[in-house]
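Read the structure below first, then the notes.
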Amino acid sequence: MIVRFWGTRGSIPVALTSDDIRDKIVQALLKASGRSFASSEEASAFARDELGFAVKNTYGGHTPCVELDLGGDEYYVCDMGSGARPFGAHLLARQQGRPATVNIFVSHVHWDHIMGFPFFGPAYVPGTRIRIHGCHDVLEHAFRLQQAPPCFPVEFDQMAASMEFIQLTPGKTQVVGGLSVTPGLQLHSGDSYGYRFNVNGKSIVYSTDSEHKLENSDEAKRFADFFREADMVIFDAMYALADAISVKADWGHSSNIVGVELCQMALAKHLVLFHHEPANSDATLERLLNETRRFEELTREGPMLKVSSSFDGMEIEL
Amino acid sequence: MSLVSALDGNALIVGLKGRLDQDNCDAFRDELTPHLDTAARDHLAIVLDLSQLEYVSSAGLRCFMLAVKQAKTFNGRIVVAALQPMVAEIFQISRFDMLLNVFETVAAAKAGVATDASDQKK
């Protein structure tokens, strides 16, 4: 199975500016420090091997959309943020006209998590079967509402794919195609739900838009159980801890620190930082990743927890 | 966790020892309460001496924040001082070094709160 990140930013899509690009070029030139390259291959090797991630790459700016690629004609994806547009293009290119079934798992219906659906190409292709899973009773209403006039030119019912809304129950495990899924209630305005997926002996937790109140040890234990020994936990690490529990308390998000602590409690294997603050630059996100790894090292008492930071286009094979 | 305190000029120095995490947060807050009462009554600043604190979790950091908030209700002040390297790193990574007043040594903290007290009298 491949976990493929199509959108990793929180709240609103962002893009690099001209200034951002120029700064990256300046940093690369400084790093090259007068060196010359005989070929584009040599220059590529320099960029690949000697430049930091934030100089040679970008974390990207699409809002949440994470694919669990099990192969075949049936697809599984968490949330339909703006990353759903490139995911749809990828799906259509891979299918080459063959009909597909797309299973969508919706954490909640805030706009950044459904805004990509009207731009999801497969929804306009006859023969595509789309099954939208979630725990909110307003799930269908929200998907229809964002395409209702005057907000969007194509109404939901005009899309060619067959659509089905499937209500899931928190805490109840259900088999969907080639995987089993268990939703878990999370603290967020209007509620959100995390999903624990089990596929071929591997477990992945998708837990975004989830605030953790540190005074509630029972809740921490509940989440540790939800994350228990997961192979990967995709975690809302939008804010610094100091912000998350002071000026941004009750905003419905969490921090890298709490992500490490919960994963350590749970003996999870791999923490993936997710739902990046839109104001954070690539350099800031790279620094946060390094700090998170250091925090994990400082506080480690059991096995090592691998820490990564998600970026648009990242693939992790499990 | 047992807190050790000493009065030094206009500062009440309160020392923490060991670990501060989910398991002893409530005990810490309970033990700090009489010191907060003393500070409120006698117009003292509290300097939390962390030189013996080996580890602080997110829940422990939250306790510091709550104590500072509580002190503000009586116009009081709490600062932290003499962090061990590991605790200092945790403060920096969590950005608590930007939320709380952090001093390198207890002496520097005492001087800092003394200056503030002097400014308030002007």
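Chain lettering (A, B, ...) mirrors the order of the structure tokens, residue numbering begins at 1 for each chain separately, and ligand numbering begins at 1 in order of display.
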Exercise. Region 57-65 of chain A: which residues within 10 Å, counting only C-alpha atoms, same-chain residues fewer than 5 positions away excluded, as number ranges by chain?
Worked result: A: 4-16, 21, 24, 47-48, 51-52, 77-87, 104-107, 111-116, 208, 274-278, 280-283, 285-286, 309-314
Problem set entry | 8 Å contact set for region 88-96 of chain B, only C-alpha atoms, chain neighbours under 3 positions out, as a VMD selection string | (chain A and resid 240 to 243 257 291 to 292 295) or (chain B and resid 56 61 83 to 85 99 to 100)
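We find CA of Phe120 (chain A) and CA of Gly88 (chain A) to be spaced 5.1 Å apart.
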Problem set entry | Within 10 Å of chain B: residues of chain A, using only C-alpha atoms, as a PyMOL selection string | chain A and resi 213-217+220+239-246+255-258+261+287-288+290-292+294-295+298-299
For the residues in that selection, give me N, CA and C atoms as a short mmCIF file (atom, residue, chain, number, x, y, z; two decimals), in the first residue's frame.
```
data_model
loop_
_atom_site.label_atom_id
_atom_site.label_comp_id
_atom_site.auth_asym_id
_atom_site.auth_seq_id
_atom_site.Cartn_x
_atom_site.Cartn_y
_atom_site.Cartn_z
N LYS A 213 -7.25 18.52 24.75
CA LYS A 213 -7.22 19.27 26.01
C LYS A 213 -6.31 18.53 26.99
N LEU A 214 -5.24 19.19 27.40
CA LEU A 214 -4.20 18.50 28.17
C LEU A 214 -4.65 18.15 29.57
N GLU A 215 -5.70 18.82 30.06
CA GLU A 215 -6.15 18.53 31.42
C GLU A 215 -6.97 17.24 31.48
N ASN A 216 -7.32 16.70 30.32
CA ASN A 216 -8.21 15.54 30.30
C ASN A 216 -7.41 14.27 30.01
N SER A 217 -6.96 13.62 31.06
CA SER A 217 -6.10 12.44 30.86
C SER A 217 -6.89 11.27 30.27
N ALA A 220 -6.76 11.66 26.61
CA ALA A 220 -5.43 11.29 26.09
C ALA A 220 -5.32 9.77 25.98
N TYR A 239 -0.31 24.14 15.10
CA TYR A 239 0.22 25.24 15.90
C TYR A 239 1.36 24.78 16.81
N ALA A 240 2.13 25.77 17.28
CA ALA A 240 3.06 25.50 18.39
C ALA A 240 2.22 25.25 19.64
N LEU A 241 2.74 24.42 20.54
CA LEU A 241 1.98 24.09 21.75
C LEU A 241 1.56 25.35 22.51
N ALA A 242 2.48 26.30 22.65
CA ALA A 242 2.18 27.51 23.43
C ALA A 242 0.97 28.25 22.85
N ASP A 243 0.87 28.28 21.53
CA ASP A 243 -0.27 28.94 20.90
C ASP A 243 -1.54 28.09 21.05
N ALA A 244 -1.39 26.79 20.84
CA ALA A 244 -2.56 25.89 20.83
C ALA A 244 -3.30 25.91 22.16
N ILE A 245 -2.58 26.17 23.25
CA ILE A 245 -3.28 26.13 24.55
C ILE A 245 -3.45 27.54 25.15
N SER A 246 -3.10 28.56 24.39
CA SER A 246 -3.32 29.92 24.92
C SER A 246 -4.15 30.74 23.93
N SER A 255 -0.76 20.33 18.14
CA SER A 255 0.64 20.73 17.99
C SER A 255 1.53 19.51 17.75
N ASN A 256 2.75 19.78 17.29
CA ASN A 256 3.73 18.71 17.10
C ASN A 256 4.06 18.02 18.43
N ILE A 257 4.13 18.80 19.51
CA ILE A 257 4.49 18.24 20.82
C ILE A 257 3.47 17.19 21.26
N VAL A 258 2.19 17.54 21.16
CA VAL A 258 1.14 16.60 21.58
C VAL A 258 1.12 15.39 20.65
N GLU A 261 3.81 13.11 21.96
CA GLU A 261 3.44 12.50 23.25
C GLU A 261 2.37 11.41 23.07
N ARG A 287 12.01 23.65 9.81
CA ARG A 287 12.53 23.82 11.17
C ARG A 287 11.64 23.09 12.18
N LEU A 288 10.31 23.19 11.99
CA LEU A 288 9.38 22.49 12.89
C LEU A 288 9.61 20.98 12.86
N ASN A 290 12.46 19.43 12.18
CA ASN A 290 13.70 19.14 12.90
C ASN A 290 13.51 19.26 14.41
N GLU A 291 12.74 20.25 14.84
CA GLU A 291 12.48 20.42 16.27
C GLU A 291 11.65 19.25 16.80
N THR A 292 10.70 18.80 16.01
CA THR A 292 9.86 17.69 16.45
C THR A 292 10.68 16.42 16.62
N ARG A 294 13.81 16.34 17.30
CA ARG A 294 14.63 16.55 18.49
C ARG A 294 13.81 16.30 19.76
N PHE A 295 12.56 16.79 19.77
CA PHE A 295 11.69 16.57 20.94
C PHE A 295 11.46 15.07 21.15
N LEU A 298 14.56 13.70 22.72
CA LEU A 298 14.71 14.12 24.11
C LEU A 298 13.81 13.33 25.05
N THR A 299 12.61 13.01 24.57
CA THR A 299 11.60 12.44 25.46
C THR A 299 11.43 10.93 25.27
#
```
Exercise. Please, what distance in Å, to one decimal, runs between CA of Phe223 (chain A) and CA of Leu289 (chain A)?
Worked result: 22.1 Å
For this session: Show which residues sit within 7 Å of region 4-15 of chain B, as a list in words. Count only C-alpha atoms, and ignore same-chain residues fewer than 4 positions away.
Result: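 My list of contacting residues is Leu44, Ala45, Ile46, Val47, Leu48, Asp49, Leu50, Lys110 and Ala114 of chain B.
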Just to be explicit: take each residue in the selection above, keep N, CA and C atoms, and write the result as an mmCIF file, in the first residue's frame.
```cif
data_model
loop_
_atom_site.group_PDB
_atom_site.id
_atom_site.type_symbol
_atom_site.label_atom_id
_atom_site.label_comp_id
_atom_site.auth_asym_id
_atom_site.auth_seq_id
_atom_site.Cartn_x
_atom_site.Cartn_y
_atom_site.Cartn_z
ATOM 1 N N LEU B 44 4.376 39.931 46.228
ATOM 2 C CA LEU B 44 5.658 39.332 45.851
ATOM 3 C C LEU B 44 5.563 38.757 44.432
ATOM 4 N N ALA B 45 6.664 38.779 43.755
ATOM 5 C CA ALA B 45 6.757 38.040 42.492
ATOM 6 C C ALA B 45 7.194 36.610 42.820
ATOM 7 N N ILE B 46 6.780 35.664 41.997
ATOM 8 C CA ILE B 46 7.225 34.279 42.188
ATOM 9 C C ILE B 46 8.256 33.932 41.114
ATOM 10 N N VAL B 47 9.390 33.437 41.558
ATOM 11 C CA VAL B 47 10.412 32.916 40.647
ATOM 12 C C VAL B 47 10.392 31.390 40.777
ATOM 13 N N LEU B 48 10.002 30.710 39.702
ATOM 14 C CA LEU B 48 10.035 29.246 39.730
ATOM 15 C C LEU B 48 11.451 28.809 39.361
ATOM 16 N N ASP B 49 12.134 28.245 40.326
ATOM 17 C CA ASP B 49 13.503 27.774 40.123
ATOM 18 C C ASP B 49 13.432 26.350 39.555
ATOM 19 N N LEU B 50 13.783 26.213 38.281
ATOM 20 C CA LEU B 50 13.650 24.907 37.616
ATOM 21 C C LEU B 50 14.982 24.160 37.524
ATOM 22 N N LYS B 110 15.582 37.290 39.847
ATOM 23 C CA LYS B 110 15.331 38.203 40.984
ATOM 24 C C LYS B 110 15.582 39.644 40.563
ATOM 25 N N ALA B 114 12.803 42.552 40.372
ATOM 26 C CA ALA B 114 13.073 43.728 41.205
ATOM 27 C C ALA B 114 12.981 44.996 40.366
#
```
For this session: as a ChimeraX atom specification, list the residues of region 153-229 of chain A assigned to alpha helix (DSSP H) by DSSP on the backbone atoms of this structure.
Result: /A:217-226
Problem set entry | Residues flagged strand (DSSP E) by DSSP in region 219-298 of chain A, as a ChimeraX atom specification | /A:232-236,270-274
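For the set A:Pro153, A:Pro170, A:Gly127, A:Gly121, the residue with the smallest atom-to-atom gap to Pro99 (chain A) is A:Gly127, counting only C-alpha atoms.
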For this session: Pick out the residues sitting within 10 Å of Gln158 (chain A), and hand them over as number ranges by chain; count only C-alpha atoms, and ignore anything fewer than 3 positions along from it in its own chain.
Result: A: 123-124, 147, 153-155, 161
Create the file for the chosen residues now, containing N, CA and C atoms and written as a CSV table (one decimal), in the first residue's frame.
```csv
chain,number,residue,atom,x,y,z
A,123,ALA,N,-15.6,12.8,-10.9
A,123,ALA,CA,-17.0,13.0,-10.6
A,123,ALA,C,-17.8,13.4,-11.9
A,124,TYR,N,-17.1,13.8,-12.9
A,124,TYR,CA,-17.8,14.3,-14.1
A,124,TYR,C,-17.7,13.2,-15.2
A,147,GLN,N,-22.1,23.5,-3.9
A,147,GLN,CA,-22.3,23.6,-5.4
A,147,GLN,C,-23.7,24.2,-5.8
A,153,PRO,N,-21.0,27.0,-10.6
A,153,PRO,CA,-21.9,26.8,-11.9
A,153,PRO,C,-22.4,25.5,-12.1
A,154,VAL,N,-21.9,24.4,-11.5
A,154,VAL,CA,-22.4,23.0,-11.8
A,154,VAL,C,-23.0,22.5,-10.5
A,155,GLU,N,-24.2,22.2,-10.5
A,155,GLU,CA,-24.9,21.7,-9.3
A,155,GLU,C,-24.5,20.2,-9.1
A,161,ALA,N,-21.0,11.1,-12.3
A,161,ALA,CA,-20.8,9.9,-11.5
A,161,ALA,C,-22.0,9.5,-10.7
```
Problem set entry | region 27-30 of chain B surroundings by only C-alpha atoms, 10 Å radius, close-in-sequence under 2 positions cut, as a ChimeraX atom specification | /B:1-3,16,20-25,32-36,60,63-64,66-67
Keeping only N, CA and C atoms, write the selected residues as a PDB file, in the first residue's frame.
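Okay, part.pdb is ready:
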```
ATOM      1  N   MET B   1       5.386  15.687  43.928  1.00  0.00           N
ATOM      2  CA  MET B   1       6.334  16.810  43.859  1.00  0.00           C
ATOM      3  C   MET B   1       6.186  17.684  45.100  1.00  0.00           C
ATOM      4  N   SER B   2       7.309  17.895  45.790  1.00  0.00           N
ATOM      5  CA  SER B   2       7.221  18.825  46.915  1.00  0.00           C
ATOM      6  C   SER B   2       7.995  20.091  46.559  1.00  0.00           C
ATOM      7  N   LEU B   3       7.351  21.219  46.782  1.00  0.00           N
ATOM      8  CA  LEU B   3       7.946  22.501  46.410  1.00  0.00           C
ATOM      9  C   LEU B   3       8.708  23.072  47.596  1.00  0.00           C
ATOM     10  N   LEU B  16      11.245  23.519  42.017  1.00  0.00           N
ATOM     11  CA  LEU B  16      10.601  22.265  41.612  1.00  0.00           C
ATOM     12  C   LEU B  16      11.682  21.219  41.429  1.00  0.00           C
ATOM     13  N   LEU B  20       7.574  17.005  35.852  1.00  0.00           N
ATOM     14  CA  LEU B  20       6.238  17.589  35.919  1.00  0.00           C
ATOM     15  C   LEU B  20       5.481  17.123  34.676  1.00  0.00           C
ATOM     16  N   ASP B  21       4.504  16.268  34.891  1.00  0.00           N
ATOM     17  CA  ASP B  21       3.738  15.733  33.764  1.00  0.00           C
ATOM     18  C   ASP B  21       2.296  15.480  34.196  1.00  0.00           C
ATOM     19  N   GLN B  22       1.572  14.770  33.344  1.00  0.00           N
ATOM     20  CA  GLN B  22       0.149  14.507  33.589  1.00  0.00           C
ATOM     21  C   GLN B  22      -0.096  13.923  34.983  1.00  0.00           C
ATOM     22  N   ASP B  23       0.844  13.087  35.450  1.00  0.00           N
ATOM     23  CA  ASP B  23       0.628  12.365  36.701  1.00  0.00           C
ATOM     24  C   ASP B  23       0.676  13.259  37.941  1.00  0.00           C
ATOM     25  N   ASN B  24       1.440  14.363  37.887  1.00  0.00           N
ATOM     26  CA  ASN B  24       1.558  15.167  39.105  1.00  0.00           C
ATOM     27  C   ASN B  24       1.194  16.644  38.898  1.00  0.00           C
ATOM     28  N   CYS B  25       0.529  16.923  37.777  1.00  0.00           N
ATOM     29  CA  CYS B  25       0.128  18.316  37.503  1.00  0.00           C
ATOM     30  C   CYS B  25      -0.800  18.866  38.589  1.00  0.00           C
ATOM     31  N   LEU B  32       1.195  24.732  44.776  1.00  0.00           N
ATOM     32  CA  LEU B  32       1.566  26.114  44.445  1.00  0.00           C
ATOM     33  C   LEU B  32       0.565  27.123  45.021  1.00  0.00           C
ATOM     34  N   THR B  33      -0.652  26.663  45.287  1.00  0.00           N
ATOM     35  CA  THR B  33      -1.714  27.576  45.722  1.00  0.00           C
ATOM     36  C   THR B  33      -1.343  28.427  46.950  1.00  0.00           C
ATOM     37  N   PRO B  34      -0.815  27.823  48.043  1.00  0.00           N
ATOM     38  CA  PRO B  34      -0.457  28.676  49.195  1.00  0.00           C
ATOM     39  C   PRO B  34       0.620  29.707  48.848  1.00  0.00           C
ATOM     40  N   HIS B  35       1.520  29.353  47.935  1.00  0.00           N
ATOM     41  CA  HIS B  35       2.561  30.315  47.524  1.00  0.00           C
ATOM     42  C   HIS B  35       1.940  31.471  46.737  1.00  0.00           C
ATOM     43  N   LEU B  36       0.956  31.140  45.935  1.00  0.00           N
ATOM     44  CA  LEU B  36       0.249  32.205  45.201  1.00  0.00           C
ATOM     45  C   LEU B  36      -0.484  33.119  46.184  1.00  0.00           C
ATOM     46  N   GLY B  60       2.476  19.573  31.873  1.00  0.00           N
ATOM     47  CA  GLY B  60       3.219  20.370  32.851  1.00  0.00           C
ATOM     48  C   GLY B  60       3.378  21.815  32.399  1.00  0.00           C
ATOM     49  N   CYS B  63       0.408  23.726  33.117  1.00  0.00           N
ATOM     50  CA  CYS B  63       0.310  24.135  34.527  1.00  0.00           C
ATOM     51  C   CYS B  63       1.039  25.456  34.766  1.00  0.00           C
ATOM     52  N   PHE B  64       2.213  25.619  34.142  1.00  0.00           N
ATOM     53  CA  PHE B  64       2.937  26.890  34.268  1.00  0.00           C
ATOM     54  C   PHE B  64       2.081  28.035  33.731  1.00  0.00           C
ATOM     55  N   LEU B  66      -1.156  28.201  33.447  1.00  0.00           N
ATOM     56  CA  LEU B  66      -2.297  28.467  34.326  1.00  0.00           C
ATOM     57  C   LEU B  66      -1.864  29.247  35.564  1.00  0.00           C
ATOM     58  N   ALA B  67      -0.690  28.910  36.086  1.00  0.00           N
ATOM     59  CA  ALA B  67      -0.184  29.615  37.275  1.00  0.00           C
ATOM     60  C   ALA B  67       0.061  31.088  36.945  1.00  0.00           C
TER      61      ALA B  67
END
```
For this session: Using CA of Val55 (chain A) and CA of Glu317 (chain A) as the two end points, give the distance in Å to one decimal.
Result: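 Between CA of Val55 (chain A) and CA of Glu317 (chain A) the gap is 24.8 Å.
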Problem set entry | Pick from A:Pro150, A:Met159, A:Gln167, A:Ser18 nearest to Phe119 (chain A), counting only C-alpha atoms | A:Met159
For this session: Measuring atom to atom with only C-alpha atoms, identify which of A:Gly302, A:His108, A:Val125, A:Phe165 is nearest to Leu185 (chain A).
Result: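 So, comparing all the options, the nearest one is A:His108.
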